[in-house]
file query-v3.tsv (TSV, C-alpha atoms)
chain	number	residue	atom	x	y	z
A	1051	MET	CA	-20.04	19.33	-1.64
A	1052	LYS	CA	-19.57	20.22	2.03
A	1053	LYS	CA	-20.59	23.77	2.86
A	1054	LYS	CA	-17.80	25.89	4.30
A	1055	GLU	CA	-18.43	26.88	7.91
A	1056	THR	CA	-18.84	30.60	8.60
A	1057	THR	CA	-16.38	32.25	10.97
A	1058	LYS	CA	-18.33	33.82	13.80
A	1059	CYS	CA	-17.47	36.38	16.44
A	1060	TYR	CA	-18.85	35.72	19.94
A	1061	LYS	CA	-18.95	38.61	22.39
A	1062	TYR	CA	-18.78	37.72	26.10
A	1063	LYS	CA	-19.39	40.12	28.96
A	1064	PHE	CA	-18.48	39.79	32.64
A	1065	ASN	CA	-21.20	39.96	35.28
A	1066	LEU	CA	-19.28	42.52	37.34
A	1067	LYS	CA	-21.73	42.81	40.24
A	1068	ALA	CA	-21.80	39.08	40.92
A	1069	GLY	CA	-18.05	38.82	40.25
A	1070	ASN	CA	-17.12	41.57	42.70
A	1071	ILE	CA	-19.31	39.97	45.37
A	1072	MET	CA	-17.66	36.60	44.78
A	1073	ALA	CA	-14.17	38.16	44.86
A	1074	SER	CA	-15.06	39.85	48.18
A	1075	LEU	CA	-16.23	36.54	49.67
A	1076	ILE	CA	-13.07	34.81	48.43
A	1077	ILE	CA	-10.77	37.41	49.99
A	1078	ILE	CA	-12.64	37.22	53.31
A	1079	ALA	CA	-12.28	33.43	53.35
A	1080	LEU	CA	-8.60	33.58	52.38
A	1081	LEU	CA	-7.81	36.28	54.95
A	1082	MET	CA	-9.42	34.18	57.67
A	1083	LEU	CA	-7.29	31.22	56.58
A	1084	VAL	CA	-4.13	33.35	56.60
A	1085	TYR	CA	-5.04	34.85	59.99
A	1086	PHE	CA	-5.31	31.43	61.63
A	1087	THR	CA	-2.22	29.97	59.93
A	1088	PHE	CA	0.23	32.78	60.75
A	1089	ASP	CA	1.75	32.67	64.23
A	1090	ASN	CA	1.54	36.45	64.53
A	1091	TYR	CA	-0.74	37.89	61.87
A	1092	TYR	CA	-0.39	41.62	62.43
A	1093	PHE	CA	0.48	44.70	60.40
A	1094	LYS	CA	-0.60	48.33	60.40
A	1095	PHE	CA	-2.76	49.22	57.42
A	1096	GLU	CA	-2.06	52.89	56.84
A	1097	TYR	CA	-1.83	55.19	53.83
A	1098	LYS	CA	1.51	53.71	52.72
A	1099	GLU	CA	0.04	50.19	52.76
A	1100	LEU	CA	-2.94	51.42	50.71
A	1101	LEU	CA	-0.60	52.78	48.03
A	1102	ILE	CA	1.36	49.52	48.01
A	1103	MET	CA	-1.89	47.60	47.59
A	1104	ILE	CA	-2.94	49.79	44.63
A	1105	SER	CA	0.54	49.32	43.12
A	1106	TRP	CA	0.15	45.56	43.58
A	1107	PHE	CA	-3.01	45.57	41.48
A	1108	ILE	CA	-1.31	47.74	38.85
A	1109	LEU	CA	1.53	45.17	38.82
A	1110	HIS	CA	-1.14	42.50	38.21
A	1111	GLU	CA	-2.09	44.21	34.93
A	1112	ILE	CA	1.54	44.84	33.95
A	1113	LEU	CA	2.15	41.08	34.28
A	1114	HIS	CA	-0.81	40.46	31.95
A	1115	TYR	CA	0.83	42.95	29.57
A	1116	ILE	CA	4.16	41.11	29.71
A	1117	GLY	CA	2.39	37.77	29.35
A	1118	TYR	CA	0.77	38.96	26.12
A	1119	LEU	CA	4.05	40.26	24.69
A	1120	ILE	CA	6.15	37.15	25.34
A	1121	ASN	CA	3.55	34.54	24.41
A	1122	SER	CA	1.90	35.97	21.30
A	1123	PRO	CA	2.85	37.86	18.12
A	1124	VAL	CA	1.31	41.13	19.39
A	1125	LYS	CA	3.14	44.43	19.82
A	1126	SER	CA	2.78	47.11	22.46
A	1127	LYS	CA	0.50	49.10	20.11
A	1128	ASP	CA	-2.02	46.24	20.37
A	1129	LEU	CA	-2.19	46.47	24.17
A	1130	CYS	CA	-4.01	48.86	26.47
A	1131	LEU	CA	-3.68	49.32	30.23
A	1132	GLY	CA	-6.60	50.94	31.99
A	1133	MET	CA	-8.59	51.72	35.12
A	1134	CYS	CA	-12.35	51.84	35.58
A	1135	LEU	CA	-12.52	52.04	39.37
A	1136	GLU	CA	-16.26	52.83	39.40
A	1137	LYS	CA	-16.73	49.30	38.06
A	1138	GLY	CA	-14.12	47.94	40.45
A	1139	ILE	CA	-11.61	46.91	37.78
A	1140	MET	CA	-8.16	47.56	36.39
A	1141	TYR	CA	-7.40	45.84	33.11
A	1142	CYS	CA	-5.05	45.04	30.25
A	1143	ARG	CA	-6.75	44.66	26.87
A	1144	CYS	CA	-5.31	42.99	23.76
A	1145	THR	CA	-6.95	44.48	20.67
A	1146	ASN	CA	-5.40	41.98	18.27
A	1147	GLU	CA	-6.53	38.38	17.70
A	1148	ILE	CA	-4.33	35.89	19.56
A	1149	SER	CA	-4.34	32.14	20.16
A	1150	LYS	CA	-6.06	30.28	22.97
A	1151	LYS	CA	-2.70	29.20	24.41
A	1152	ALA	CA	-1.30	32.74	24.46
A	1153	VAL	CA	-4.22	34.25	26.35
A	1154	MET	CA	-4.39	31.36	28.84
A	1155	ILE	CA	-0.73	31.91	29.74
A	1156	SER	CA	-1.34	35.65	30.12
A	1157	LEU	CA	-4.38	35.02	32.32
A	1158	LEU	CA	-2.40	32.86	34.75
A	1159	THR	CA	0.78	34.98	34.91
A	1160	PRO	CA	-0.22	37.43	37.71
A	1161	PHE	CA	-2.23	34.79	39.60
A	1162	THR	CA	0.83	32.55	39.74
A	1163	ILE	CA	3.64	35.10	40.29
A	1164	ILE	CA	2.11	37.65	42.70
A	1165	GLY	CA	-0.56	35.35	44.09
A	1166	VAL	CA	0.54	31.79	44.69
A	1167	LEU	CA	4.35	32.24	44.68
A	1168	THR	CA	4.36	35.35	46.87
A	1169	LEU	CA	1.95	33.67	49.30
A	1170	ILE	CA	4.42	30.79	49.69
A	1171	ILE	CA	7.25	33.32	50.23
A	1172	SER	CA	5.18	35.15	52.86
A	1173	TYR	CA	4.92	31.96	54.92
A	1174	ILE	CA	8.60	31.08	54.52
A	1175	TYR	CA	9.78	34.53	55.71
A	1176	ASP	CA	6.85	35.30	58.05
A	1177	MET	CA	5.56	38.35	56.12
A	1178	PRO	CA	1.85	38.85	56.92
A	1179	PHE	CA	1.43	41.96	54.77
A	1180	LEU	CA	2.82	40.12	51.74
A	1181	ALA	CA	0.30	37.36	52.49
A	1182	PHE	CA	-2.45	39.99	52.55
A	1183	LEU	CA	-1.33	41.33	49.15
A	1184	SER	CA	-1.11	37.81	47.74
A	1185	VAL	CA	-4.61	36.74	48.76
A	1186	SER	CA	-5.98	40.09	47.56
A	1187	ASN	CA	-4.44	39.35	44.17
A	1188	ILE	CA	-5.80	35.79	44.16
A	1189	ALA	CA	-9.30	37.13	44.83
A	1190	GLY	CA	-8.74	39.86	42.21
A	1191	SER	CA	-7.92	37.12	39.68
A	1192	TYR	CA	-11.51	35.84	39.88
A	1193	PHE	CA	-12.46	36.80	36.31
A	1194	ASP	CA	-9.05	35.71	34.99
A	1195	LEU	CA	-9.68	32.24	36.38
A	1196	LEU	CA	-13.27	32.17	35.11
A	1197	THR	CA	-12.09	33.09	31.62
A	1198	PHE	CA	-9.33	30.47	31.86
A	1199	LEU	CA	-11.90	27.79	32.78
A	1200	GLN	CA	-14.12	28.82	29.90
A	1201	LEU	CA	-11.22	28.68	27.42
A	1202	LEU	CA	-10.33	25.18	28.63
A	1203	LYS	CA	-13.66	24.05	27.20
A	1204	MET	CA	-13.14	25.79	23.86
A	1205	PRO	CA	-11.71	24.31	20.62
A	1206	LYS	CA	-7.94	24.72	20.18
A	1207	ASN	CA	-8.10	26.90	17.10
A	1208	ILE	CA	-10.20	29.76	18.47
A	1209	LYS	CA	-8.90	33.34	18.46
A	1210	PHE	CA	-9.29	35.76	21.38
A	1211	ALA	CA	-9.43	39.56	21.39
A	1212	GLU	CA	-10.57	42.48	23.57
A	1213	TYR	CA	-11.44	45.17	21.06
A	1214	ASN	CA	-13.12	48.11	22.73
A	1215	GLU	CA	-14.57	47.37	26.19
A	1216	CYS	CA	-12.94	46.82	29.56
A	1217	ASP	CA	-15.44	44.20	30.74
A	1218	ALA	CA	-15.95	42.19	27.55
A	1219	TYR	CA	-13.97	40.02	25.14
A	1220	TYR	CA	-14.47	38.24	21.83
A	1221	LEU	CA	-13.88	34.68	20.68
A	1222	ILE	CA	-13.59	33.99	16.96
A	1223	SER	CA	-14.26	30.50	15.63
A	1224	GLU	CA	-15.82	28.46	12.85
A	1225	LYS	CA	-17.27	26.15	15.51
A	1226	ASP	CA	-20.50	26.80	17.39
A	1227	LEU	CA	-19.48	28.12	20.84
A	1228	SER	CA	-22.94	29.15	22.03
A	1229	ASN	CA	-23.44	26.11	24.26
A	1230	ILE	CA	-20.10	26.47	26.08
A	1231	LYS	CA	-20.97	28.42	29.20
A	1232	VAL	CA	-19.39	29.45	32.51
A	1233	PRO	CA	-21.40	31.13	35.32
A	1234	GLY	CA	-20.46	34.81	35.64
A	1235	ILE	CA	-19.65	35.28	31.93
A	1236	ASN	CA	-22.55	35.99	29.58
A	1237	LEU	CA	-22.68	35.55	25.81
A	1238	VAL	CA	-24.28	38.82	24.68
A	1239	GLU	CA	-23.77	38.86	20.90
A	1240	THR	CA	-23.03	36.49	18.03
A	1241	LYS	CA	-22.35	37.69	14.49
A	1242	GLU	CA	-20.37	36.84	11.37
A	1243	PHE	CA	-16.74	37.83	11.78
A	1244	ASP	CA	-15.64	40.66	9.50
A	1245	LYS	CA	-12.29	42.11	10.56
A	1246	SER	CA	-12.73	45.20	8.40
A	1247	LYS	CA	-15.80	46.21	10.43
A	1248	ILE	CA	-14.24	45.74	13.87
A	1249	ASP	CA	-14.24	48.91	15.95
A	1250	LYS	CA	-10.92	48.79	17.83
A	1251	ASN	CA	-10.04	51.19	20.62
A	1252	SER	CA	-6.33	51.74	20.04
A	1253	LYS	CA	-5.45	53.81	23.13
A	1254	ARG	CA	-2.35	52.70	25.05
A	1255	ILE	CA	-3.70	53.91	28.42
A	1256	GLU	CA	-7.34	54.40	29.45
A	1257	LEU	CA	-8.54	56.13	32.61
A	1258	SER	CA	-12.22	56.72	33.28
A	1259	LYS	CA	-13.20	60.13	34.71
A	1260	ALA	CA	-14.21	58.51	38.00
A	1261	SER	CA	-10.82	56.75	38.21
A	1262	ILE	CA	-8.98	60.06	37.73
A	1263	ILE	CA	-11.06	61.70	40.48
A	1264	ILE	CA	-10.45	58.79	42.88
A	1265	MET	CA	-6.69	58.83	42.21
A	1266	ILE	CA	-6.54	62.62	42.77
A	1267	ILE	CA	-8.37	62.19	46.09
A	1268	LEU	CA	-5.96	59.45	47.17
A	1269	LEU	CA	-2.94	61.60	46.27
A	1270	ALA	CA	-4.44	64.57	48.12
A	1271	LEU	CA	-4.95	62.40	51.21
A	1272	GLY	CA	-1.24	61.62	51.10
A	1273	PHE	CA	-0.46	65.29	51.80
A	1274	ILE	CA	-3.07	65.53	54.55
A	1275	ILE	CA	-2.40	62.30	56.48

call {"tool": "encode", "arguments": {"input": "query-v3.tsv", "output": "structure tokens"}}
result
Amino acid sequence: MKKKETTKCYKYKFNLKAGNIMASLIIIALLMLVYFTFDNYYFKFEYKELLIMISWFILHEILHYIGYLINSPVKSKDLCLGMCLEKGIMYCRCTNEISKKAVMISLLTPFTIIGVLTLIISYIYDMPFLAFLSVSNIAGSYFDLLTFLQLLKMPKNIKFAEYNECDAYYLISEKDLSNIKVPGINLVETKEFDKSKIDKNSKRIELSKASIIIMIILLALGFII
């Protein structure tokens, strides 16, 4: 009699230091490309532009949020929007288990809509600041794309969840996933999956203390500048 395979839970964690360095190199390369391909690449980067840029990254996470809602059976109570600016990230977490297809669509939604499509629009209508925002978003999608590439290698029937950490996620499968690797994402824990023992963080919005301080400073600068 064939032994039933055990369902395991694999915890993956982003290498944030290496990822942020790579994202910085990508944005430098893309900005150089944009600079040399625009006839007149010029705009003033002042306080207003900084706020627009922050809003653009918030929009990135809102698009992840929408992507989760329309492509998976989750509800808003299963989703969390957050900031951890000391780690250099904003995020949208899904604390419920969803399919491989659903998360892959969510991962690509902001990259496609406010990265690739808006970059094309910026060239059509000669909008250098929109191009800047677009390439910033493309670079900011670094971990989204890494996760997408990793999921491409995974079996179709895996489940994905982000239970309680902003820089980690879980894959649930009866198959052995330990040999499926992508540089920049580390497998840090493997254990038998027991849903009753999962510690879920069910907050709708998360803001780290450092993020709150940074946002207060930015708002204060708006009154000074």

call {"tool": "closest_residue", "arguments": {"input": "query-v3.tsv", "among": "A:Leu1268, A:Cys1144, A:Ile1248, A:Ala1189", "to": "Asn1070 (chain A)", "atoms": "only C-alpha atoms"}}
result
A:Ala1189

call {"tool": "residues_near_point", "arguments": {"input": "query-v3.tsv", "point": "(-17.2, 25.1, 16.7)", "cutoff": "9 Å", "atoms": "all atoms listed in the file", "output": "list in words"}}
result
Met1204, Pro1205, Ile1208, Ser1223, Glu1224, Lys1225, Asp1226, Leu1227 and Ser1228 of chain A

call {"tool": "residues_around", "arguments": {"input": "query-v3.tsv", "residues": "Lys1094 (chain A)", "least_positions_apart": "6", "cutoff": "12 Å", "atoms": "all atoms listed in the file", "output": "list of chain:residue names"}}
result
A:Leu1100, A:Pro1178, A:Phe1179, A:Phe1182

call {"tool": "closest_atom_pairs", "arguments": {"input": "query-v3.tsv", "of": "region 1091-1147 of chain A", "to": "region 1260-1267 of chain A", "cutoff": "10 Å", "atoms": "all atoms listed in the file", "output": "JSON lines"}}
result
{"residue": "A:Gly1132", "atom": "CA", "partner": "A:Ser1261", "partner_atom": "CA", "distance": 9.5}
{"residue": "A:Met1133", "atom": "CA", "partner": "A:Ser1261", "partner_atom": "CA", "distance": 6.3}
{"residue": "A:Cys1134", "atom": "CA", "partner": "A:Ser1261", "partner_atom": "CA", "distance": 5.8}
{"residue": "A:Leu1135", "atom": "CA", "partner": "A:Ser1261", "partner_atom": "CA", "distance": 5.1}
{"residue": "A:Glu1136", "atom": "CA", "partner": "A:Ala1260", "partner_atom": "CA", "distance": 6.2}
{"residue": "A:Lys1137", "atom": "CA", "partner": "A:Ser1261", "partner_atom": "CA", "distance": 9.5}
{"residue": "A:Gly1138", "atom": "CA", "partner": "A:Ser1261", "partner_atom": "CA", "distance": 9.7}
{"residue": "A:Ile1139", "atom": "CA", "partner": "A:Ser1261", "partner_atom": "CA", "distance": 9.9}
{"residue": "A:Met1140", "atom": "CA", "partner": "A:Ser1261", "partner_atom": "CA", "distance": 9.7}

call {"tool": "closest_residue", "arguments": {"input": "query-v3.tsv", "among": "A:Ser1126, A:Met1177, A:Tyr1118, A:Asn1214", "to": "Tyr1085 (chain A)", "atoms": "all atoms listed in the file"}}
result
A:Met1177

call {"tool": "atom_distance", "arguments": {"input": "query-v3.tsv", "atom1": "CA of Asp1194 (chain A)", "atom2": "CA of Lys1058 (chain A)"}}
result
23.2 Å

call {"tool": "atom_distance", "arguments": {"input": "query-v3.tsv", "atom1": "CA of Asp1249 (chain A)", "atom2": "CA of Thr1056 (chain A)"}}
result
20.3 Å

call {"tool": "atom_distance", "arguments": {"input": "query-v3.tsv", "atom1": "CA of Glu1111 (chain A)", "atom2": "CA of Ser1184 (chain A)"}}
result
14.4 Å

call {"tool": "closest_residue", "arguments": {"input": "query-v3.tsv", "among": "A:Leu1169, A:Leu1195, A:Leu1101, A:Ile1274", "to": "Leu1081 (chain A)", "atoms": "only C-alpha atoms"}}
result
A:Leu1169

call {"tool": "residues_around", "arguments": {"input": "query-v3.tsv", "residues": "Glu1242 (chain A)", "least_positions_apart": "2", "cutoff": "9 Å", "atoms": "only C-alpha atoms", "output": "PDB file with C-alpha atoms, keeping the file's coordinate frame"}}
result
ATOM      1  CA  THR A1056     -18.840  30.600   8.600  1.00  0.00           C
ATOM      2  CA  THR A1057     -16.380  32.250  10.970  1.00  0.00           C
ATOM      3  CA  LYS A1058     -18.330  33.820  13.800  1.00  0.00           C
ATOM      4  CA  CYS A1059     -17.470  36.380  16.440  1.00  0.00           C
ATOM      5  CA  TYR A1060     -18.850  35.720  19.940  1.00  0.00           C
ATOM      6  CA  THR A1240     -23.030  36.490  18.030  1.00  0.00           C
ATOM      7  CA  ASP A1244     -15.640  40.660   9.500  1.00  0.00           C
TER       8      ASP A1244
END

call {"tool": "closest_residue", "arguments": {"input": "query-v3.tsv", "among": "A:Lys1231, A:Ile1174, A:Ile1076, A:Glu1147", "to": "Ser1191 (chain A)", "atoms": "all atoms listed in the file"}}
result
A:Ile1076

call {"tool": "closest_atom_pairs", "arguments": {"input": "query-v3.tsv", "of": "region 1132-1236 of chain A", "to": "region 1064-1067 of chain A", "cutoff": "6 Å", "atoms": "all atoms listed in the file", "output": "tab-separated table"}}
result
residue	atom	partner	partner_atom	distance
A:Asp1217	CA	A:Phe1064	CA	5.7
A:Gly1234	CA	A:Asn1065	CA	5.2
A:Ile1235	CA	A:Phe1064	CA	4.7

call {"tool": "write_last_selection", "arguments": {"input": "query-v3.tsv", "atoms": "C-alpha atoms", "output": "short mmCIF file (atom, residue, chain, number, x, y, z; two decimals), in the coordinates of the input"}}
result
data_model
loop_
_atom_site.label_atom_id
_atom_site.label_comp_id
_atom_site.auth_asym_id
_atom_site.auth_seq_id
_atom_site.Cartn_x
_atom_site.Cartn_y
_atom_site.Cartn_z
CA ASP A 1217 -15.44 44.20 30.74
CA GLY A 1234 -20.46 34.81 35.64
CA ILE A 1235 -19.65 35.28 31.93
#

call {"tool": "closest_residue", "arguments": {"input": "query-v3.tsv", "among": "A:Leu1183, A:Ile1102, A:Val1124, A:Leu1202", "to": "Lys1151 (chain A)", "atoms": "all atoms listed in the file"}}
result
A:Leu1202

call {"tool": "closest_residue", "arguments": {"input": "query-v3.tsv", "among": "A:Ile1164, A:Ile1120, A:Ala1211, A:Leu1131", "to": "Ser1186 (chain A)", "atoms": "all atoms listed in the file"}}
result
A:Ile1164

call {"tool": "decode", "arguments": {"input": "query-v3.tsv", "residues": "region 1239-1264 of chain A", "atoms": "N, CA and C atoms", "output": "compact mmCIF listing (two decimals), in the first residue's frame"}}
result
# COMPACT_ATOMS: atom_id res chain seq x y z
N GLU A 1239 12.70 27.40 6.77
CA GLU A 1239 12.04 26.45 7.67
C GLU A 1239 11.14 25.50 6.88
N THR A 1240 11.16 24.24 7.27
CA THR A 1240 10.26 23.24 6.68
C THR A 1240 9.64 22.44 7.82
N LYS A 1241 8.31 22.35 7.82
CA LYS A 1241 7.65 21.57 8.87
C LYS A 1241 6.33 21.02 8.35
N GLU A 1242 5.78 20.07 9.08
CA GLU A 1242 4.48 19.50 8.70
C GLU A 1242 3.41 20.57 8.83
N PHE A 1243 2.54 20.64 7.84
CA PHE A 1243 1.51 21.68 7.82
C PHE A 1243 0.36 21.30 8.74
N ASP A 1244 0.08 22.18 9.70
CA ASP A 1244 -1.04 22.01 10.62
C ASP A 1244 -1.72 23.37 10.73
N LYS A 1245 -2.83 23.53 10.02
CA LYS A 1245 -3.50 24.83 9.95
C LYS A 1245 -3.93 25.34 11.32
N SER A 1246 -4.27 24.44 12.22
CA SER A 1246 -4.74 24.85 13.54
C SER A 1246 -3.63 25.51 14.38
N LYS A 1247 -2.37 25.26 13.99
CA LYS A 1247 -1.25 25.82 14.75
C LYS A 1247 -0.62 27.05 14.08
N ILE A 1248 -1.22 27.49 12.98
CA ILE A 1248 -0.67 28.64 12.27
C ILE A 1248 -0.96 29.92 13.04
N ASP A 1249 0.08 30.70 13.26
CA ASP A 1249 -0.06 31.99 13.93
C ASP A 1249 -0.26 33.06 12.87
N LYS A 1250 -1.51 33.50 12.69
CA LYS A 1250 -1.83 34.50 11.67
C LYS A 1250 -1.91 35.89 12.30
N ASN A 1251 -1.30 36.86 11.64
CA ASN A 1251 -1.45 38.25 12.05
C ASN A 1251 -2.62 38.82 11.25
N SER A 1252 -3.72 39.12 11.91
CA SER A 1252 -4.95 39.48 11.21
C SER A 1252 -5.21 40.98 11.11
N LYS A 1253 -4.20 41.80 11.32
CA LYS A 1253 -4.38 43.25 11.20
C LYS A 1253 -4.68 43.62 9.75
N ARG A 1254 -5.48 44.67 9.55
CA ARG A 1254 -5.78 45.14 8.20
C ARG A 1254 -4.69 46.10 7.70
N ILE A 1255 -4.13 46.88 8.65
CA ILE A 1255 -3.07 47.83 8.30
C ILE A 1255 -1.96 47.70 9.34
N GLU A 1256 -0.72 47.65 8.88
CA GLU A 1256 0.45 47.56 9.76
C GLU A 1256 1.40 48.70 9.43
N LEU A 1257 1.84 49.40 10.46
CA LEU A 1257 2.85 50.45 10.30
C LEU A 1257 3.90 50.26 11.40
N SER A 1258 5.15 50.07 11.01
CA SER A 1258 6.20 49.96 12.01
C SER A 1258 6.42 51.33 12.66
N LYS A 1259 7.00 51.35 13.85
CA LYS A 1259 7.26 52.61 14.55
C LYS A 1259 8.15 53.53 13.73
N ALA A 1260 9.17 52.95 13.10
CA ALA A 1260 10.08 53.74 12.26
C ALA A 1260 9.34 54.35 11.08
N SER A 1261 8.41 53.60 10.50
CA SER A 1261 7.62 54.11 9.36
C SER A 1261 6.76 55.29 9.78
N ILE A 1262 6.16 55.21 10.96
CA ILE A 1262 5.33 56.31 11.47
C ILE A 1262 6.18 57.56 11.66
N ILE A 1263 7.37 57.39 12.24
CA ILE A 1263 8.27 58.53 12.47
C ILE A 1263 8.68 59.16 11.14
N ILE A 1264 9.05 58.34 10.18
CA ILE A 1264 9.46 58.84 8.86
C ILE A 1264 8.33 59.60 8.19
